[in-house]
$ cat upload-v7.pdb   # PDB, C-alpha atoms
ATOM      1  CA  MET B  70       0.000   0.000   0.000
ATOM      2  CA  ALA B  71       2.842   2.395   0.831
ATOM      3  CA  PHE B  72       4.419   1.575  -2.540
ATOM      4  CA  ALA B  73       1.159   2.513  -4.269
ATOM      5  CA  ARG B  74       0.837   5.874  -2.475
ATOM      6  CA  LEU B  75       4.462   6.775  -3.049
ATOM      7  CA  THR B  76       4.329   5.745  -6.682
ATOM      8  CA  HIS B  77       1.195   7.818  -7.222
ATOM      9  CA  ARG B  78       2.846  10.951  -5.810
ATOM     10  CA  LEU B  79       6.057  10.383  -7.738
ATOM     11  CA  ALA B  80       4.175   9.658 -10.928
ATOM     12  CA  ARG B  81       2.590  13.104 -10.994
ATOM     13  CA  THR B  82       5.982  14.783 -10.782
ATOM     14  CA  ALA B  83       7.758  12.413 -13.117
ATOM     15  CA  ARG B  84       4.952  12.234 -15.670
ATOM     16  CA  ARG B  85       5.492  15.887 -16.539
ATOM     17  CA  ALA B  86       9.204  15.398 -17.140
ATOM     18  CA  VAL B  87       8.692  12.185 -19.079
ATOM     19  CA  ALA B  88       5.899  13.645 -21.200
ATOM     20  CA  ARG B  89       8.087  16.582 -22.237
ATOM     21  CA  SER B  90      10.882  14.281 -23.299
ATOM     22  CA  ARG B  91       9.126  11.109 -24.429
ATOM     23  CA  ALA B  92      10.774  11.380 -27.839
ATOM     24  CA  LEU B  93      14.166  11.481 -26.137
ATOM     25  CA  SER B  94      15.648   8.591 -24.241
ATOM     26  CA  PHE B  95      18.820   7.863 -22.435
ATOM     27  CA  SER B  96      21.190   5.201 -23.610
ATOM     28  CA  PHE B  97      24.076   3.229 -22.294
ATOM     29  CA  PRO B  98      26.345   0.590 -23.770
ATOM     30  CA  GLY B  99      24.329  -2.618 -24.052
ATOM     31  CA  PRO B 100      24.458  -5.243 -21.352
ATOM     32  CA  ARG B 101      27.004  -8.009 -21.524
ATOM     33  CA  LYS B 102      26.000 -11.174 -23.316
ATOM     34  CA  LEU B 103      25.131 -14.179 -21.175
ATOM     35  CA  ALA B 104      28.041 -16.097 -22.699
ATOM     36  CA  ASP B 105      30.368 -13.342 -21.387
ATOM     37  CA  ILE B 106      29.064 -13.793 -17.838
ATOM     38  CA  THR B 107      28.730 -17.566 -17.622
ATOM     39  CA  LYS B 108      29.885 -20.702 -19.337
ATOM     40  CA  LEU B 109      26.661 -21.165 -21.266
ATOM     41  CA  PRO B 110      27.430 -24.683 -22.588
ATOM     42  CA  LEU B 111      27.924 -25.867 -19.002
ATOM     43  CA  LEU B 112      24.662 -24.276 -17.853
ATOM     44  CA  GLU B 113      22.815 -25.992 -20.692
ATOM     45  CA  ARG B 114      23.847 -29.364 -19.251
ATOM     46  CA  GLU B 115      22.257 -28.610 -15.867
ATOM     47  CA  SER B 116      18.664 -28.996 -14.690
ATOM     48  CA  ALA B 117      16.460 -25.909 -14.430
ATOM     49  CA  ALA B 118      16.672 -25.988 -10.632
ATOM     50  CA  ARG B 119      20.453 -26.202 -10.758
ATOM     51  CA  VAL B 120      20.658 -23.326 -13.285
ATOM     52  CA  LYS B 121      18.680 -21.128 -10.887
ATOM     53  CA  GLU B 122      20.927 -22.153  -8.016
ATOM     54  CA  ILE B 123      24.122 -21.492  -9.981
ATOM     55  CA  TRP B 124      22.833 -18.072 -11.120
ATOM     56  CA  THR B 125      21.953 -17.075  -7.560
ATOM     57  CA  GLU B 126      25.257 -18.335  -6.135
ATOM     58  CA  HIS B 127      27.218 -16.617  -8.918
ATOM     59  CA  HIS B 128      25.776 -13.238  -7.957
ATOM     60  CA  ALA B 129      25.680 -13.693  -4.175
ATOM     61  CA  GLY B 130      29.294 -12.643  -3.770
ATOM     62  CA  SER B 131      29.267  -9.874  -6.343
ATOM     63  CA  PRO B 132      29.821  -6.356  -4.970
ATOM     64  CA  ASP B 133      27.869  -4.699  -7.794
ATOM     65  CA  ALA B 134      25.522  -7.208  -9.451
ATOM     66  CA  VAL B 135      22.298  -8.972  -8.494
ATOM     67  CA  GLY B 136      20.941 -12.038 -10.259
ATOM     68  CA  VAL B 137      17.375 -13.351 -10.322
ATOM     69  CA  ALA B 138      16.038 -16.414 -12.128
ATOM     70  CA  LEU B 139      12.438 -16.369 -13.350
ATOM     71  CA  ASP B 140      10.415 -19.097 -14.968
ATOM     72  CA  ALA B 141      10.215 -18.682 -18.736
ATOM     73  CA  ALA B 142       6.559 -17.564 -18.664
ATOM     74  CA  ALA B 143       7.278 -14.751 -16.170
ATOM     75  CA  HIS B 144      10.332 -13.717 -18.175
ATOM     76  CA  ALA B 145       8.260 -13.524 -21.375
ATOM     77  CA  GLU B 146       5.495 -11.635 -19.547
ATOM     78  CA  LEU B 147       8.025  -9.107 -18.257
ATOM     79  CA  ARG B 148       9.226  -8.345 -21.782
ATOM     80  CA  ALA B 149       5.694  -8.315 -23.183
ATOM     81  CA  ARG B 150       4.529  -5.788 -20.584
ATOM     82  CA  ALA B 151       7.637  -3.613 -20.657
ATOM     83  CA  ALA B 152       7.670  -3.155 -24.441
ATOM     84  CA  PRO B 153       4.427  -1.128 -24.726
ATOM     85  CA  CYS B 154       4.909   0.548 -21.327
ATOM     86  CA  PRO B 155       8.636   1.227 -21.155
ATOM     87  CA  MET B 156       8.720   3.997 -18.531
ATOM     88  CA  LEU B 157       8.398   3.682 -14.767
ATOM     89  CA  VAL B 158       9.443   5.632 -11.683
ATOM     90  CA  LEU B 159      10.705   3.865  -8.578
ATOM     91  CA  PRO B 160      11.663   5.171  -5.139
ATOM     92  CA  VAL B 161      14.984   4.365  -3.506
ATOM     93  CA  HIS B 162      14.666   4.668   0.264
ATOM     94  CA  ARG B 163      17.577   5.889   2.321
ATOM     95  CA  GLU B 164      17.953   7.034   5.878
ATOM     96  CA  GLY B 165      16.269  10.402   6.086
ATOM     97  CA  GLY B 166      14.216  10.079   2.905
ATOM     98  CA  PHE B 167      14.331   8.776  -0.605
ATOM     99  CA  PHE B 168      15.180   9.694  -4.170
ATOM    100  CA  THR B 169      13.515   8.648  -7.381
ATOM    101  CA  LEU B 170      14.781   6.651 -10.333
ATOM    102  CA  VAL B 171      13.220   6.665 -13.764
ATOM    103  CA  ALA B 172      13.364   3.318 -15.557
ATOM    104  CA  GLN B 173      13.200   2.874 -19.295
ATOM    105  CA  PHE B 174      12.927  -0.454 -21.108
ATOM    106  CA  GLN B 175      14.911  -0.857 -24.330
ATOM    107  CA  GLU B 176      14.553  -4.200 -26.123
ATOM    108  CA  ARG B 177      16.192  -6.602 -23.647
ATOM    109  CA  HIS B 178      17.191  -4.364 -20.779
ATOM    110  CA  PHE B 179      16.080  -1.608 -18.442
ATOM    111  CA  LEU B 180      18.160   1.460 -17.740
ATOM    112  CA  LEU B 181      17.523   3.360 -14.511
ATOM    113  CA  ALA B 182      18.765   6.879 -13.820
ATOM    114  CA  PRO B 183      18.015   9.474 -11.150
ATOM    115  CA  LEU B 184      14.878  11.397 -12.067
ATOM    116  CA  GLU B 185      16.617  14.756 -11.571
ATOM    117  CA  THR B 186      19.347  13.800 -14.048
ATOM    118  CA  TYR B 187      16.809  12.506 -16.536
ATOM    119  CA  ARG B 188      14.661  15.613 -16.153
ATOM    120  CA  ALA B 189      17.651  17.894 -16.835
ATOM    121  CA  ASP B 190      18.837  16.064 -19.970
ATOM    122  CA  PRO B 191      17.074  12.829 -20.963
ATOM    123  CA  ALA B 192      19.430  12.039 -23.833
ATOM    124  CA  ASN B 193      22.507  12.191 -21.611
ATOM    125  CA  ALA B 194      21.214  10.853 -18.302
ATOM    126  CA  SER B 195      23.735   8.383 -16.908
ATOM    127  CA  PRO B 196      22.171   5.168 -15.627
ATOM    128  CA  CYS B 197      23.050   4.014 -12.143
ATOM    129  CA  LEU B 198      21.416   0.590 -12.633
ATOM    130  CA  SER B 199      21.297  -1.542 -15.756
ATOM    131  CA  VAL B 200      18.989  -4.572 -15.781
ATOM    132  CA  ALA B 201      19.564  -7.183 -18.484
ATOM    133  CA  LEU B 202      17.092  -9.890 -19.478
ATOM    134  CA  TYR B 203      18.528 -13.153 -20.783
ATOM    135  CA  ASP B 204      16.237 -15.576 -22.583
ATOM    136  CA  GLU B 205      18.845 -18.029 -23.898
ATOM    137  CA  LEU B 206      17.682 -20.758 -21.503
ATOM    138  CA  CYS B 207      13.929 -20.126 -21.710
ATOM    139  CA  THR B 208      13.270 -22.774 -24.347
ATOM    140  CA  SER B 209      15.678 -25.468 -23.218
ATOM    141  CA  LYS B 210      15.389 -25.056 -19.430
ATOM    142  CA  GLY B 211      12.246 -22.983 -18.892
ATOM    143  CA  VAL B 212      14.369 -20.409 -17.057
ATOM    144  CA  GLY B 213      14.826 -16.711 -17.837
ATOM    145  CA  LEU B 214      17.729 -14.937 -16.181
ATOM    146  CA  VAL B 215      17.805 -11.333 -14.980
ATOM    147  CA  ARG B 216      20.919  -9.421 -13.949
ATOM    148  CA  ALA B 217      21.066  -5.956 -12.413
ATOM    149  CA  ASP B 218      24.420  -4.169 -12.526
ATOM    150  CA  VAL B 219      25.007  -1.215 -10.219
ATOM    151  CA  VAL B 220      26.871   1.433 -12.218
ATOM    152  CA  GLY B 221      28.889   4.046 -10.360
ATOM    153  CA  ALA B 222      28.504   5.028  -6.722
ATOM    154  CA  GLN B 223      24.939   6.388  -6.637
ATOM    155  CA  LEU B 224      23.460   3.071  -5.464
ATOM    156  CA  THR B 225      24.658   0.370  -3.144
ATOM    157  CA  ARG B 226      24.265  -3.261  -4.121
ATOM    158  CA  ALA B 227      21.485  -3.604  -1.519
ATOM    159  CA  GLU B 228      19.651  -0.625  -3.026
ATOM    160  CA  GLY B 229      20.109  -2.157  -6.468
ATOM    161  CA  ALA B 230      18.612  -5.439  -5.241
ATOM    162  CA  THR B 231      15.619  -3.655  -3.702
ATOM    163  CA  THR B 232      15.108  -1.587  -6.835
ATOM    164  CA  LEU B 233      15.247  -4.706  -9.010
ATOM    165  CA  SER B 234      12.629  -6.331  -6.794
ATOM    166  CA  LEU B 235      10.364  -3.266  -7.075
ATOM    167  CA  LEU B 236      10.827  -3.176 -10.843
ATOM    168  CA  LEU B 237       9.940  -6.852 -11.246
ATOM    169  CA  ASP B 238       6.934  -6.518  -8.931
ATOM    170  CA  ALA B 239       5.662  -3.448 -10.791
ATOM    171  CA  ASP B 240       5.795  -5.182 -14.171
ATOM    172  CA  LEU B 241       4.813  -8.705 -13.128
ATOM    173  CA  GLU B 242       2.099  -8.145 -10.514
ATOM    174  CA  PRO B 243      -1.133  -7.548 -12.472
ATOM    175  CA  ALA B 244      -2.596  -5.153  -9.885
ATOM    176  CA  LEU B 245       0.531  -2.945  -9.760
ATOM    177  CA  TYR B 246       0.994  -3.027 -13.515
ATOM    178  CA  GLY B 247      -2.634  -2.142 -14.195
ATOM    179  CA  ALA B 248      -2.869   0.566 -11.542
ATOM    180  CA  HIS B 249       0.548   2.229 -11.953
ATOM    181  CA  VAL B 250       2.763   1.162 -14.860
ATOM    182  CA  ARG B 251       0.159   1.130 -17.636
ATOM    183  CA  PRO B 252      -1.533   4.451 -16.685
ATOM    184  CA  PHE B 253       1.858   6.121 -16.274
ATOM    185  CA  ASN B 254       2.729   5.251 -19.885
ATOM    186  CA  LEU B 255      -0.565   6.303 -21.475
TER     187      LEU B 255
END
$ encode --input "upload-v7.pdb" --output "structure tokens"
Amino acid sequence: MAFARLTHRLARTARRAVARSRALSFSFPGPRKLADITKLPLLERESAARVKEIWTEHHAGSPDAVGVALDAAAHAELRARAAPCPMLVLPVHREGGFFTLVAQFQERHFLLAPLETYRADPANASPCLSVALYDELCTSKGVGLVRADVVGAQLTRAEGATTLSLLLDADLEPALYGAHVRPFNL
């Protein structure tokens, strides 16, 4: 409920900035390929449960990356919902308050930048979180992989993990998507 109220308030402010610059978007070098992160042929030999376990373990010790494994249907739904509704605002809570990130979906990844930076210059806003979607194992294993990389020092890994969770919830939970993400993009 608190997420809904906060998102509603942030949406009013962010909607104005996004509406003015909808034709503009920020960009960032594309995410790394899955084969650059893992030994894909070895993953293909494992069971779906083991792939999820390996992905989680691989990212558990990372200082700047978070990994989540989704079932293939959820992974496909995420992409299907994000494509027509690519913009979203998310709060990042810190001691003494919060700041807002604007997320934009581009083909197979989300880029998230501080709203103030995006508002000032959408085309040159530097992302502080890049979320890549990997579907290479969806058909063979029924597993879609998601990786969030914290870029720079604006976010901690814990904040990146929380933001990734909020992003996934907003796009995958029908009630949140219908009440917040879809209307925000209309």
$ atom_distance --input "upload-v7.pdb" --atom1 "atom CA of B:Glu185" --atom2 "atom CA of B:Phe168"
9.1 Å
$ atom_distance --input "upload-v7.pdb" --atom1 "atom CA of B:Leu159" --atom2 "atom CA of B:Leu103"
26.3 Å
$ atom_distance --input "upload-v7.pdb" --atom1 "atom CA of B:Leu180" --atom2 "atom CA of B:Glu113"
28.0 Å
$ closest_residue --input "upload-v7.pdb" --among "B:Asp240, B:Asp133, B:Glu122, B:Asp140" --to "B:Ser199" --atoms "all atoms listed in the file"
B:Asp133
$ resolve_selection --input "upload-v7.pdb" --expression "the PyMOL selection byres ((chain B and resi 145) around 12)" --output "list in words"
Leu139, Asp140, Ala141, Ala142, Ala143, His144, Glu146, Leu147, Arg148, Ala149, Arg150, Ala151, Ala152, Arg177, Leu202, Tyr203, Asp204, Glu205, Leu206, Cys207, Thr208, Gly211, Val212, Gly213, Leu214, Val215, Asp240 and Leu241 of chain B
$ closest_residue --input "upload-v7.pdb" --among "B:Ala172, B:Thr186, B:Asp218, B:Ala239" --to "B:Arg251" --atoms "all atoms listed in the file"
B:Ala239
$ closest_residue --input "upload-v7.pdb" --among "B:Leu236, B:Leu109, B:Ala227, B:Ala182" --to "B:Ser209" --atoms "all atoms listed in the file"
B:Leu109
$ closest_residue --input "upload-v7.pdb" --among "B:Gln173, B:Thr125, B:Ser195, B:Asn254" --to "B:Arg216" --atoms "all atoms listed in the file"
B:Thr125
$ residues_around --input "upload-v7.pdb" --residues "B:Trp124" --least-positions-apart "4" --cutoff "9 Å" --atoms "all atoms listed in the file" --output "tab-separated table (two decimals) with C-alpha atoms, keeping the file's coordinate frame"
chain	number	residue	atom	x	y	z
B	107	THR	CA	28.73	-17.57	-17.62
B	119	ARG	CA	20.45	-26.20	-10.76
B	120	VAL	CA	20.66	-23.33	-13.28
B	128	HIS	CA	25.78	-13.24	-7.96
B	129	ALA	CA	25.68	-13.69	-4.18
B	136	GLY	CA	20.94	-12.04	-10.26
B	137	VAL	CA	17.38	-13.35	-10.32
B	138	ALA	CA	16.04	-16.41	-12.13
B	214	LEU	CA	17.73	-14.94	-16.18
$ closest_residue --input "upload-v7.pdb" --among "B:Val220, B:Asp190, B:Cys154, B:Lys210" --to "B:Ala117" --atoms "all atoms listed in the file"
B:Lys210
$ build_atoms --input "upload-v7.pdb" --residues "stretch 231-249 of chain B" --atoms "N, CA, C and O atoms" --output "short mmCIF file (atom, residue, chain, number, x, y, z; two decimals), keeping the file's coordinate frame"
data_model
loop_
_atom_site.label_atom_id
_atom_site.label_comp_id
_atom_site.auth_asym_id
_atom_site.auth_seq_id
_atom_site.Cartn_x
_atom_site.Cartn_y
_atom_site.Cartn_z
N THR B 231 16.97 -4.10 -4.05
CA THR B 231 15.62 -3.66 -3.70
C THR B 231 14.94 -3.03 -4.90
O THR B 231 13.75 -3.28 -5.17
N THR B 232 15.66 -2.23 -5.65
CA THR B 232 15.11 -1.59 -6.84
C THR B 232 14.73 -2.63 -7.89
O THR B 232 13.67 -2.53 -8.51
N LEU B 233 15.57 -3.63 -8.07
CA LEU B 233 15.25 -4.71 -9.01
C LEU B 233 13.96 -5.41 -8.59
O LEU B 233 13.09 -5.68 -9.41
N SER B 234 13.84 -5.68 -7.31
CA SER B 234 12.63 -6.33 -6.79
C SER B 234 11.39 -5.48 -7.06
O SER B 234 10.34 -5.99 -7.50
N LEU B 235 11.48 -4.17 -6.81
CA LEU B 235 10.36 -3.27 -7.08
C LEU B 235 10.02 -3.23 -8.56
O LEU B 235 8.84 -3.23 -8.94
N LEU B 236 11.04 -3.20 -9.40
CA LEU B 236 10.83 -3.18 -10.84
C LEU B 236 10.10 -4.43 -11.31
O LEU B 236 9.12 -4.36 -12.06
N LEU B 237 10.57 -5.59 -10.86
CA LEU B 237 9.94 -6.85 -11.25
C LEU B 237 8.51 -6.93 -10.73
O LEU B 237 7.60 -7.35 -11.46
N ASP B 238 8.29 -6.52 -9.49
CA ASP B 238 6.93 -6.52 -8.93
C ASP B 238 6.01 -5.61 -9.73
O ASP B 238 4.88 -5.97 -10.05
N ALA B 239 6.49 -4.42 -10.07
CA ALA B 239 5.66 -3.45 -10.79
C ALA B 239 5.24 -3.98 -12.16
O ALA B 239 4.10 -3.76 -12.58
N ASP B 240 6.13 -4.68 -12.84
CA ASP B 240 5.80 -5.18 -14.17
C ASP B 240 5.13 -6.55 -14.16
O ASP B 240 4.41 -6.89 -15.11
N LEU B 241 5.35 -7.34 -13.13
CA LEU B 241 4.81 -8.70 -13.13
C LEU B 241 3.54 -8.89 -12.30
O LEU B 241 2.78 -9.81 -12.56
N GLU B 242 3.32 -8.04 -11.31
CA GLU B 242 2.10 -8.14 -10.51
C GLU B 242 0.98 -7.44 -11.26
O GLU B 242 1.05 -6.22 -11.46
N PRO B 243 -0.07 -8.17 -11.66
CA PRO B 243 -1.13 -7.55 -12.47
C PRO B 243 -1.75 -6.30 -11.84
O PRO B 243 -2.01 -5.32 -12.54
N ALA B 244 -1.97 -6.31 -10.54
CA ALA B 244 -2.60 -5.15 -9.88
C ALA B 244 -1.69 -3.92 -9.95
O ALA B 244 -2.16 -2.82 -10.26
N LEU B 245 -0.40 -4.08 -9.69
CA LEU B 245 0.53 -2.94 -9.76
C LEU B 245 0.70 -2.46 -11.20
O LEU B 245 0.71 -1.25 -11.46
N TYR B 246 0.83 -3.39 -12.11
CA TYR B 246 0.99 -3.03 -13.52
C TYR B 246 -0.23 -2.26 -14.01
O TYR B 246 -0.10 -1.21 -14.64
N GLY B 247 -1.41 -2.78 -13.73
CA GLY B 247 -2.63 -2.14 -14.20
C GLY B 247 -2.92 -0.80 -13.54
O GLY B 247 -3.46 0.11 -14.17
N ALA B 248 -2.56 -0.66 -12.27
CA ALA B 248 -2.87 0.57 -11.54
C ALA B 248 -1.78 1.64 -11.69
O ALA B 248 -2.08 2.83 -11.56
N HIS B 249 -0.54 1.25 -11.97
CA HIS B 249 0.55 2.23 -11.95
C HIS B 249 1.36 2.29 -13.23
O HIS B 249 1.58 3.36 -13.77
#
